[in-house]
Amino acid sequence: MMPNNFVPSEFIVNVDHQRCRRCKRCILNCGFGVFDFQNMTTADSSKCVACHRCVIFCPEEAITITRNPLAFKEHASWDVRLRKAIWKQAQTPGMILTGMGNELPWLNIFDHLLIDACQVTNPSIDPLREPMELRTYLGRKPEKVSVSNSNDGFEIETPVENNIKIDIPIIFSGMSYGSISLNAQRALAIAAERLGTLMNTGEGGLHNELYPYANNIIVQCASGRFGVHTEYLNAGVAVEIKIGQGAKPGIGGHLPGEKIEREISGTRMIPVGTDAISPAPHHDIYSIEDLRQLIYALKEATGYKPVSVKIATVHNVAAIASGIARAGADIIYLDGFRGGTGASPAIVRDHVGIPIEIAIAVVDKQLRKEGIRNLVSIVAAGGIRQAADVAKAIALGADAVGIGTAALIALGCRLCQKCYTGNCSWGIATQRPELTGRLDPDWGAERLVNLVNSWATELKEILGALGVNAIESLRGNRERLRALGLDSTTMEILDVKPAGR
Amino acid sequence: MNFGDRQGKWVVDEVKVPDACGLSGFINLDGKRIGGEIVRESMSVMRERGNGLGGGYAGYGIYPDFKEHFAFHVMFEDDSGRRICEELLREYTEVEKGEGIPTRQKCEIVDPPILMRYFLLPKREKLESENLEPDDFIVQLVMKINTQVPGSFVFSSGKNMGIFKAVGFPEDVADFYKLESYTGYTWIGHGRFPTNTPGWWGGAHPFNILDWSVVHNGEISSYGINKRYLEMFGYKCTLLTDTEVMAYLFDLLIRRHGLPIEVASKVVAAPFWEEIDQKEEGDKLEESLRMVYGSALVNGPFAVIVGFSRGMFGLNDRVKLRPLVAAVKDETLYVASEEAAIRQICNRPDNIWAPPAGEPVIGRLKGDA
Amino acid sequence: MAELAVDSSNEQSIARIEASGMHYQEINEKVRSLIEQGYLRIVLEGVNGQRYIGDGLTSNVDIVVNGVPGNDLGAFMNGPNIFVNDNAQDAVGNTMNAGKIVIRGHAGDVIGYGMRGGKIFVSGDVGYRVGIHMKSYADQIPVIVSGGRAGDFFGEYMAGGILVLLGIGYENKEVVGTYVGTGMHGGTMYIRGDLKDWQLGREVRVFSIDDEDKGVLLALMEEFSDDTTVDVGNLEISDFLKLKPFSHRPYGDLYVY
């Protein structure tokens, strides 16, 4: 008889029984059922995902989790990850499913870009005591303004409208109710309101309880049209058409029926227990003019609110973005190949798409070349990990960035990549009431506000060092970036000089 | 631009050269013409602000005999560049007169390029075939010569005005160009303090396109995005200096977009949101300007004096990090980096003041002047 | 530009818009304004290709369209009744939530995409990808009835609601293309005519009609006939096939973890 499972445990859970006071908190806290109690605490290491919930909540610090030291024969080609995938697929046919963003060690361009600072000839600015402006407007802008002369000065003939004002150029990326818990969405909504920025419903509809936060919400309209109705479309400040997602370009979404419980069913407006399938294509969009058709259908339905179009960054992203701008979108949301997901085939997540840094660079350049940069705002997401990435993305040409994974990490996520199991011990990527109840929305919102405000302070510090006091002077200012260790073609594409030049 | 286009020993600054400076300018609103020696005199008291590596002047009203012609001042590295350039000028324009710019041998000014001036008009058939207004045609011609003709550089292209600039202290530059032999209703002067040694006269101020002349003190930290913004409108920033960007921005905002100087000033030296938010409901001008023209905000310390065909204005940045003083005496408006530069040529002004951040001081010729 | 002509003498409160050559934005602004003024029936004359008629409307107004309306007729609509006295193009009733659209002619591709409620009656044929992503929710059951035939991918991803193909005039011919109900995981289709196995998506099965189905079909056919004037009197209920998915979770075994 052959064993069923050829894949050894990834982690080893060790309970120090001398320290353990047998309070069973670990059993309660683990969403994956690792712990049991028979006279003493026992652990099934094969179920452990290293989410650390037990470690953090053990009052005696009695639990340690280590990587399984089991040795594999070294082989540079046959990485252990590949061998494990083959064992799994030989056991059970199917695509390897995973969660969160690309985990392969591709070159990270952000980490090869350096930011300038002022010394002597142009002065740095003290951001703590002098004004430092981060306010950003997302939406379509005219190429120029017309001014008329009136008695008491100058008046604008047509004010620029239909833009969304955000106080910080960082918004929360779309994460649906279903992929994450309602409490996680509540935390994002409260934080967005307090920060003067935006959260995004993802494609799971907008729960009734979040309608009060609608002034800080972008509602999404994806191929599955879940929860899309007139009240929903008109609730938010903008509507986003989701074409693609960085973690799974060209791949749809799929929330399994067992997760469609009563509340999610109500928000998505589908029966309890039915699969929520969101195919990769919108079956009414097979060409750019069809995108235009949907953009204007949404504008007609919402009294001409701004429409954002979210795409995964793929090879031809510049031309696609140009088409989107010309199709009437007000915002292009670029999601790089490091973008997160609740569930994606690993093969797609890890191997499809291009980095966000390249995408920002080529899209911004193409739109400028065509003289239509003013038609759209660019929001860049998928791999924004820190304030330095925000500054670099904006210097490359983004108007604002979107953060998803970073926000979830602020809420406790340990990047265990098991979101699709619905067992998230931190109450984020789960709908199990005993788990979601752990995530207090106000506590979560405070952590998100702290995080984004910290980044905003860091961003201001960078602006000060650069000697500018408004974010628009960094936006697209590639002159203030230098590359270290990038090849010349990549530098040419990024339009960034090497350090020393 | 590809500097490889330029052949020979004439090395254009390959990196952006930061510089500091002294500025002085005045305009007689009645259009009364004043000798160039006055602006020289004004500049002489600010010698400490420069280091002898660049000086220059703009004079308006100096070519009354050719006031309808575009007056090109061109510097050539050698005769071969000059031949190509003149061929190009003959192809695209009617050259009414071409001659050397008069200079005085003066030991402080060394190694001058060939300096020529041409009074010209665009050929009508070229305007028609390219479907361009004369001003836009001239902008394109200047861009073409400056980026494509080896060893040639048009440093002045307006009507009834001219730029005179060189590597040297401002007084020596004035003497070199015999500035006292010209009279103009507006004069603007500049003394430069570059941080390294530029080998090239084109890097001195003022920078000019059409009638726009800009002298500038400070360094623009937003240069990269200002440049990319201008490129969207066909401007080629070839000189790697901040000041060039400033000249093109004013050309774009005022000439092409038709914004009044006061409004264009709110673009390049935008008020802060804090201030804008105090505006009455419905007053959307400044908010809209920042939304549309964020990439044209000139960020970093600057003071500029800008000359144009019928006026002159001085402006400093949104937090006033560079000095600027203005004064009025009778019908003359003065703007300078230091009060002393004004007092040197106008002992008892009627009024003298320091303009606030981002608020332009504008002098316009009177209607009939 | 055509003028708005309101016939106020009619006690039924009918308004007319001479829409010939008018941009859709203007048509919709006028329609919204007339609804606000209390008109219950709005007649659009001379329509040809204007998109988004009735887009996002939530009132219970009747809109009559004379001419061929453009794409996305009644998109995101939530209440009105639209009657088209001609053919219609693509994307009729996109993500419609409530109301009714009656087309007295044929209609194009992608009819009733993501439709969650209301009815679409097309007296003639419908194109490809009709009823894709239809879903029911609570007491909302969306319905599309076509009097003629349908193209491929009929009811793809269908998660709820009712699709009916009457196949009138296609007796002994194919009434629907291939990949019928592929990805279907909810709802019901009734198709009058023959279906080969290879035409069906992997997720659906054919069932015979029971008494409950008969009641549903007869009621819908009567309403369809009233609205479209298509005669359905000689159609035999026994000629219909019923298609339903056999799983609410068609893709449960696609992944390993």
# chains A, B, ... in the order shown; residues from 1 in each chain; ligands from 1

$ interface_residues --of "chain A" --to "chain B" --cutoff "6 Å" --atoms "only C-alpha atoms" --output "list in words"
Asn122, Lys141, Ile156, Pro159, Val160, Arg368, Gly371, Gly467, Val468, Glu472, Ser473, Gly476, Asn477 and Glu479 of chain A

$ closest_atom_pairs --of "segment 20-85 of chain C" --to "segment 303-306 of chain A" --cutoff "12 Å" --atoms "only C-alpha atoms" --output "JSON lines"
{"residue": "C:Gln25", "atom": "CA", "partner": "A:Gly303", "partner_atom": "CA", "distance": 10.1}
{"residue": "C:Asn28", "atom": "CA", "partner": "A:Gly303", "partner_atom": "CA", "distance": 10.4}
{"residue": "C:Glu29", "atom": "CA", "partner": "A:Gly303", "partner_atom": "CA", "distance": 9.7}
{"residue": "C:Arg32", "atom": "CA", "partner": "A:Gly303", "partner_atom": "CA", "distance": 10.9}
{"residue": "C:Asp55", "atom": "CA", "partner": "A:Gly303", "partner_atom": "CA", "distance": 10.4}
{"residue": "C:Gly56", "atom": "CA", "partner": "A:Gly303", "partner_atom": "CA", "distance": 9.3}
{"residue": "C:Leu57", "atom": "CA", "partner": "A:Gly303", "partner_atom": "CA", "distance": 11.0}

$ residues_around --residues "Gln140 of chain C" --least-positions-apart "5" --cutoff "9 Å" --atoms "only C-alpha atoms" --output "VMD selection string"
chain C and resid 97 to 98 116 to 118 135 161

$ write_last_selection --atoms "C-alpha atoms" --output "compact mmCIF listing (two decimals), in the first residue's frame"
# COMPACT_ATOMS: atom_id res chain seq x y z
CA ASN C 97 -32.67 44.26 -12.63
CA ALA C 98 -36.40 44.80 -13.21
CA ARG C 116 -31.05 39.55 -12.51
CA GLY C 117 -34.74 40.32 -12.95
CA GLY C 118 -37.42 41.43 -15.38
CA LYS C 135 -28.94 34.89 -12.28
CA GLY C 161 -33.75 32.56 -14.26

$ closest_residue --among "C:Val175, C:Met77, C:Leu165, C:Val145" --to "chain A" --atoms "only C-alpha atoms"
C:Met77

$ residues_around --residues "Val317 of chain A" --least-positions-apart "6" --cutoff "10 Å" --atoms "only C-alpha atoms" --output "ChimeraX atom specification"
/A:311,323,334,353-354,358-360,362-363,366

$ write_last_selection --atoms "N, CA and C atoms" --output "PDB file, in the first residue's frame"
ATOM      1  N   ILE A 311      -6.845  46.795 -15.451  1.00  0.00           N
ATOM      2  CA  ILE A 311      -6.276  45.730 -16.277  1.00  0.00           C
ATOM      3  C   ILE A 311      -5.026  45.164 -15.617  1.00  0.00           C
ATOM      4  N   GLY A 323      -5.771  52.725 -25.823  1.00  0.00           N
ATOM      5  CA  GLY A 323      -7.130  52.414 -26.271  1.00  0.00           C
ATOM      6  C   GLY A 323      -8.154  52.677 -25.188  1.00  0.00           C
ATOM      7  N   LEU A 334      -3.685  50.014 -13.264  1.00  0.00           N
ATOM      8  CA  LEU A 334      -2.741  49.009 -13.748  1.00  0.00           C
ATOM      9  C   LEU A 334      -2.372  48.089 -12.593  1.00  0.00           C
ATOM     10  N   GLY A 353       2.326  37.995 -17.159  1.00  0.00           N
ATOM     11  CA  GLY A 353       2.254  39.430 -16.919  1.00  0.00           C
ATOM     12  C   GLY A 353       3.625  40.078 -16.905  1.00  0.00           C
ATOM     13  N   ILE A 354       3.647  41.367 -16.646  1.00  0.00           N
ATOM     14  CA  ILE A 354       4.916  42.100 -16.555  1.00  0.00           C
ATOM     15  C   ILE A 354       4.899  42.960 -15.289  1.00  0.00           C
ATOM     16  N   ILE A 358       7.571  48.595 -15.127  1.00  0.00           N
ATOM     17  CA  ILE A 358       7.666  48.700 -16.585  1.00  0.00           C
ATOM     18  C   ILE A 358       6.357  49.238 -17.154  1.00  0.00           C
ATOM     19  N   ALA A 359       5.256  48.725 -16.616  1.00  0.00           N
ATOM     20  CA  ALA A 359       3.949  49.119 -17.149  1.00  0.00           C
ATOM     21  C   ALA A 359       3.700  50.612 -16.955  1.00  0.00           C
ATOM     22  N   ILE A 360       4.010  51.124 -15.776  1.00  0.00           N
ATOM     23  CA  ILE A 360       3.812  52.560 -15.540  1.00  0.00           C
ATOM     24  C   ILE A 360       4.637  53.337 -16.560  1.00  0.00           C
ATOM     25  N   VAL A 362       5.912  52.550 -19.532  1.00  0.00           N
ATOM     26  CA  VAL A 362       5.530  52.542 -20.946  1.00  0.00           C
ATOM     27  C   VAL A 362       4.159  53.166 -21.173  1.00  0.00           C
ATOM     28  N   VAL A 363       3.266  53.004 -20.208  1.00  0.00           N
ATOM     29  CA  VAL A 363       1.931  53.599 -20.377  1.00  0.00           C
ATOM     30  C   VAL A 363       2.035  55.120 -20.318  1.00  0.00           C
ATOM     31  N   GLN A 366       3.674  56.358 -23.486  1.00  0.00           N
ATOM     32  CA  GLN A 366       2.815  56.260 -24.669  1.00  0.00           C
ATOM     33  C   GLN A 366       1.725  57.335 -24.655  1.00  0.00           C
TER      34      GLN A 366
END

$ residues_around --residues "segment 12-17 of chain A" --least-positions-apart "4" --cutoff "9 Å" --atoms "only C-alpha atoms" --output "JSON, numbers by chain"
{"A": [21, 22, 34, 40, 41, 42, 43, 44, 45, 46, 48, 50, 61, 62, 63, 64, 65, 66, 67, 68, 69]}

$ select_by_dssp --residues "segment 15-168 of chain C" --states "strand (DSSP E or B)" --output "NGL selection string"
:C and (15-18 or 41-48 or 62-68 or 78-84 or 98-103 or 119-122 or 137 or 140 or 143-146 or 150 or 159-165)

$ write_last_selection --atoms "C-alpha atoms" --output "PDB file, in the first residue's frame"
ATOM      1  CA  ALA C  15     -44.971  62.423 -24.379  1.00  0.00           C
ATOM      2  CA  ARG C  16     -43.248  62.158 -27.720  1.00  0.00           C
ATOM      3  CA  ILE C  17     -39.639  62.782 -28.576  1.00  0.00           C
ATOM      4  CA  GLU C  18     -38.669  63.185 -32.187  1.00  0.00           C
ATOM      5  CA  ARG C  41     -45.564  56.834 -21.484  1.00  0.00           C
ATOM      6  CA  ILE C  42     -42.818  58.245 -23.670  1.00  0.00           C
ATOM      7  CA  VAL C  43     -42.716  57.578 -27.386  1.00  0.00           C
ATOM      8  CA  LEU C  44     -39.396  57.892 -29.177  1.00  0.00           C
ATOM      9  CA  GLU C  45     -39.854  58.455 -32.887  1.00  0.00           C
ATOM     10  CA  GLY C  46     -37.224  58.007 -35.569  1.00  0.00           C
ATOM     11  CA  VAL C  47     -34.731  56.150 -33.414  1.00  0.00           C
ATOM     12  CA  ASN C  48     -31.824  54.691 -35.345  1.00  0.00           C
ATOM     13  CA  ASP C  62     -43.411  52.892 -20.528  1.00  0.00           C
ATOM     14  CA  ILE C  63     -41.023  53.745 -23.340  1.00  0.00           C
ATOM     15  CA  VAL C  64     -42.023  53.034 -26.925  1.00  0.00           C
ATOM     16  CA  VAL C  65     -39.223  52.962 -29.456  1.00  0.00           C
ATOM     17  CA  ASN C  66     -40.079  53.409 -33.112  1.00  0.00           C
ATOM     18  CA  GLY C  67     -36.989  52.501 -35.099  1.00  0.00           C
ATOM     19  CA  VAL C  68     -33.928  50.407 -34.361  1.00  0.00           C
ATOM     20  CA  ASN C  78     -34.608  48.763 -12.930  1.00  0.00           C
ATOM     21  CA  GLY C  79     -38.311  49.116 -13.654  1.00  0.00           C
ATOM     22  CA  PRO C  80     -39.458  50.575 -16.983  1.00  0.00           C
ATOM     23  CA  ASN C  81     -41.199  48.751 -19.797  1.00  0.00           C
ATOM     24  CA  ILE C  82     -39.650  49.287 -23.214  1.00  0.00           C
ATOM     25  CA  PHE C  83     -41.499  48.351 -26.381  1.00  0.00           C
ATOM     26  CA  VAL C  84     -39.537  48.338 -29.630  1.00  0.00           C
ATOM     27  CA  ALA C  98     -36.399  44.801 -13.213  1.00  0.00           C
ATOM     28  CA  GLY C  99     -38.835  45.845 -15.913  1.00  0.00           C
ATOM     29  CA  LYS C 100     -39.648  44.498 -19.337  1.00  0.00           C
ATOM     30  CA  ILE C 101     -38.240  44.858 -22.834  1.00  0.00           C
ATOM     31  CA  VAL C 102     -40.359  43.749 -25.760  1.00  0.00           C
ATOM     32  CA  ILE C 103     -38.775  43.595 -29.201  1.00  0.00           C
ATOM     33  CA  LYS C 119     -38.344  40.051 -18.789  1.00  0.00           C
ATOM     34  CA  ILE C 120     -37.075  40.324 -22.327  1.00  0.00           C
ATOM     35  CA  PHE C 121     -39.401  39.148 -25.081  1.00  0.00           C
ATOM     36  CA  VAL C 122     -38.053  38.991 -28.634  1.00  0.00           C
ATOM     37  CA  TYR C 137     -31.934  36.344  -6.548  1.00  0.00           C
ATOM     38  CA  GLN C 140     -36.389  37.966  -8.774  1.00  0.00           C
ATOM     39  CA  VAL C 143     -36.842  35.663 -18.123  1.00  0.00           C
ATOM     40  CA  ILE C 144     -35.881  35.826 -21.782  1.00  0.00           C
ATOM     41  CA  VAL C 145     -38.242  34.444 -24.395  1.00  0.00           C
ATOM     42  CA  SER C 146     -37.295  34.364 -28.048  1.00  0.00           C
ATOM     43  CA  ALA C 150     -30.612  31.428 -30.859  1.00  0.00           C
ATOM     44  CA  ALA C 159     -26.898  30.850 -12.637  1.00  0.00           C
ATOM     45  CA  GLY C 160     -30.637  31.462 -12.436  1.00  0.00           C
ATOM     46  CA  GLY C 161     -33.751  32.558 -14.259  1.00  0.00           C
ATOM     47  CA  ILE C 162     -35.567  31.157 -17.255  1.00  0.00           C
ATOM     48  CA  LEU C 163     -34.587  31.078 -20.926  1.00  0.00           C
ATOM     49  CA  VAL C 164     -37.212  30.056 -23.466  1.00  0.00           C
ATOM     50  CA  LEU C 165     -36.691  29.370 -27.166  1.00  0.00           C
TER      51      LEU C 165
END

$ residues_around --residues "Ser265 of chain B" --least-positions-apart "5" --cutoff "7 Å" --atoms "only C-alpha atoms" --output "NGL selection string"
:B and (358-360)

$ write_last_selection --atoms "C-alpha atoms" --output "mmCIF file, in the first residue's frame"
data_model
loop_
_atom_site.group_PDB
_atom_site.id
_atom_site.type_symbol
_atom_site.label_atom_id
_atom_site.label_comp_id
_atom_site.auth_asym_id
_atom_site.auth_seq_id
_atom_site.Cartn_x
_atom_site.Cartn_y
_atom_site.Cartn_z
ATOM 1 C CA GLY B 358 3.904 83.668 -6.522
ATOM 2 C CA GLU B 359 2.500 87.114 -7.247
ATOM 3 C CA PRO B 360 3.728 88.584 -10.522
#

$ closest_atom_pairs --of "chain A" --to "chain C" --cutoff "6 Å" --atoms "only C-alpha atoms" --output "Markdown table"
| residue | atom | partner | partner_atom | distance |
| --- | --- | --- | --- | --- |
| A:Gly94 | CA | C:Tyr255 | CA | 4.4 |
| A:Met95 | CA | C:Tyr255 | CA | 4.6 |
| A:Ile96 | CA | C:Val256 | CA | 5.0 |
| A:Leu97 | CA | C:Tyr257 | CA | 5.4 |
| A:Arg225 | CA | C:Gly114 | CA | 5.8 |
| A:Thr230 | CA | C:Gly56 | CA | 5.9 |
| A:Met269 | CA | C:Tyr137 | CA | 5.4 |
| A:Ile270 | CA | C:Tyr137 | CA | 4.9 |
| A:Pro271 | CA | C:Tyr137 | CA | 5.7 |
| A:Thr274 | CA | C:His248 | CA | 5.3 |
| A:Asp275 | CA | C:Arg249 | CA | 5.5 |
| A:Ala301 | CA | C:Gly56 | CA | 4.2 |

$ write_last_selection --atoms "N, CA and C atoms" --output "PDB file, in the first residue's frame"
ATOM      1  N   GLY A  94      -5.220  18.370 -11.293  1.00  0.00           N
ATOM      2  CA  GLY A  94      -5.769  19.715 -11.138  1.00  0.00           C
ATOM      3  C   GLY A  94      -4.670  20.744 -11.153  1.00  0.00           C
ATOM      4  N   MET A  95      -5.092  21.997 -11.284  1.00  0.00           N
ATOM      5  CA  MET A  95      -4.129  23.089 -11.234  1.00  0.00           C
ATOM      6  C   MET A  95      -3.780  23.374  -9.778  1.00  0.00           C
ATOM      7  N   ILE A  96      -2.524  23.728  -9.529  1.00  0.00           N
ATOM      8  CA  ILE A  96      -2.127  24.090  -8.171  1.00  0.00           C
ATOM      9  C   ILE A  96      -2.740  25.448  -7.854  1.00  0.00           C
ATOM     10  N   LEU A  97      -3.528  25.489  -6.815  1.00  0.00           N
ATOM     11  CA  LEU A  97      -4.179  26.747  -6.448  1.00  0.00           C
ATOM     12  C   LEU A  97      -3.357  27.425  -5.351  1.00  0.00           C
ATOM     13  N   ARG A 225     -20.948  40.507 -12.817  1.00  0.00           N
ATOM     14  CA  ARG A 225     -21.988  41.483 -12.470  1.00  0.00           C
ATOM     15  C   ARG A 225     -22.598  41.227 -11.090  1.00  0.00           C
ATOM     16  N   THR A 230     -28.617  49.492  -9.987  1.00  0.00           N
ATOM     17  CA  THR A 230     -28.518  50.949 -10.133  1.00  0.00           C
ATOM     18  C   THR A 230     -28.098  51.646  -8.839  1.00  0.00           C
ATOM     19  N   MET A 269     -26.129  39.231  -4.594  1.00  0.00           N
ATOM     20  CA  MET A 269     -27.431  39.036  -5.206  1.00  0.00           C
ATOM     21  C   MET A 269     -27.477  37.748  -6.023  1.00  0.00           C
ATOM     22  N   ILE A 270     -27.032  36.663  -5.405  1.00  0.00           N
ATOM     23  CA  ILE A 270     -27.159  35.337  -5.989  1.00  0.00           C
ATOM     24  C   ILE A 270     -27.597  34.389  -4.876  1.00  0.00           C
ATOM     25  N   PRO A 271     -28.187  33.257  -5.228  1.00  0.00           N
ATOM     26  CA  PRO A 271     -28.695  32.356  -4.186  1.00  0.00           C
ATOM     27  C   PRO A 271     -27.568  31.777  -3.331  1.00  0.00           C
ATOM     28  N   THR A 274     -24.595  28.911  -4.414  1.00  0.00           N
ATOM     29  CA  THR A 274     -24.279  28.833  -5.842  1.00  0.00           C
ATOM     30  C   THR A 274     -22.857  29.334  -6.076  1.00  0.00           C
ATOM     31  N   ASP A 275     -22.126  28.693  -6.960  1.00  0.00           N
ATOM     32  CA  ASP A 275     -20.811  29.217  -7.340  1.00  0.00           C
ATOM     33  C   ASP A 275     -20.952  30.636  -7.882  1.00  0.00           C
ATOM     34  N   ALA A 301     -25.776  55.456 -16.775  1.00  0.00           N
ATOM     35  CA  ALA A 301     -26.526  54.946 -15.618  1.00  0.00           C
ATOM     36  C   ALA A 301     -26.181  55.689 -14.338  1.00  0.00           C
TER      37      ALA A 301
END

$ residues_around --residues "Gly244 of chain A" --least-positions-apart "2" --cutoff "6 Å" --atoms "only C-alpha atoms" --output "list in words"
Lys242, Pro249, Ile311 and Ala312 of chain A

$ atom_distance --atom1 "atom CA of Ile241 of chain A" --atom2 "atom CA of Lys310 of chain A"
6.1 Å

$ atom_distance --atom1 "atom CA of Ile115 of chain A" --atom2 "atom CA of Leu252 of chain B"
29.6 Å

$ select_by_dssp --residues "segment 8-197 of chain A" --states "helix (DSSP H, G or I)" --output "ChimeraX atom specification"
/A:25-29,45-47,53-57,80-91,109-112,182-195

$ closest_residue --among "A:His283, A:Arg385, A:Asp116, A:Pro355" --to "Phe154 of chain C" --atoms "only C-alpha atoms"
A:His283
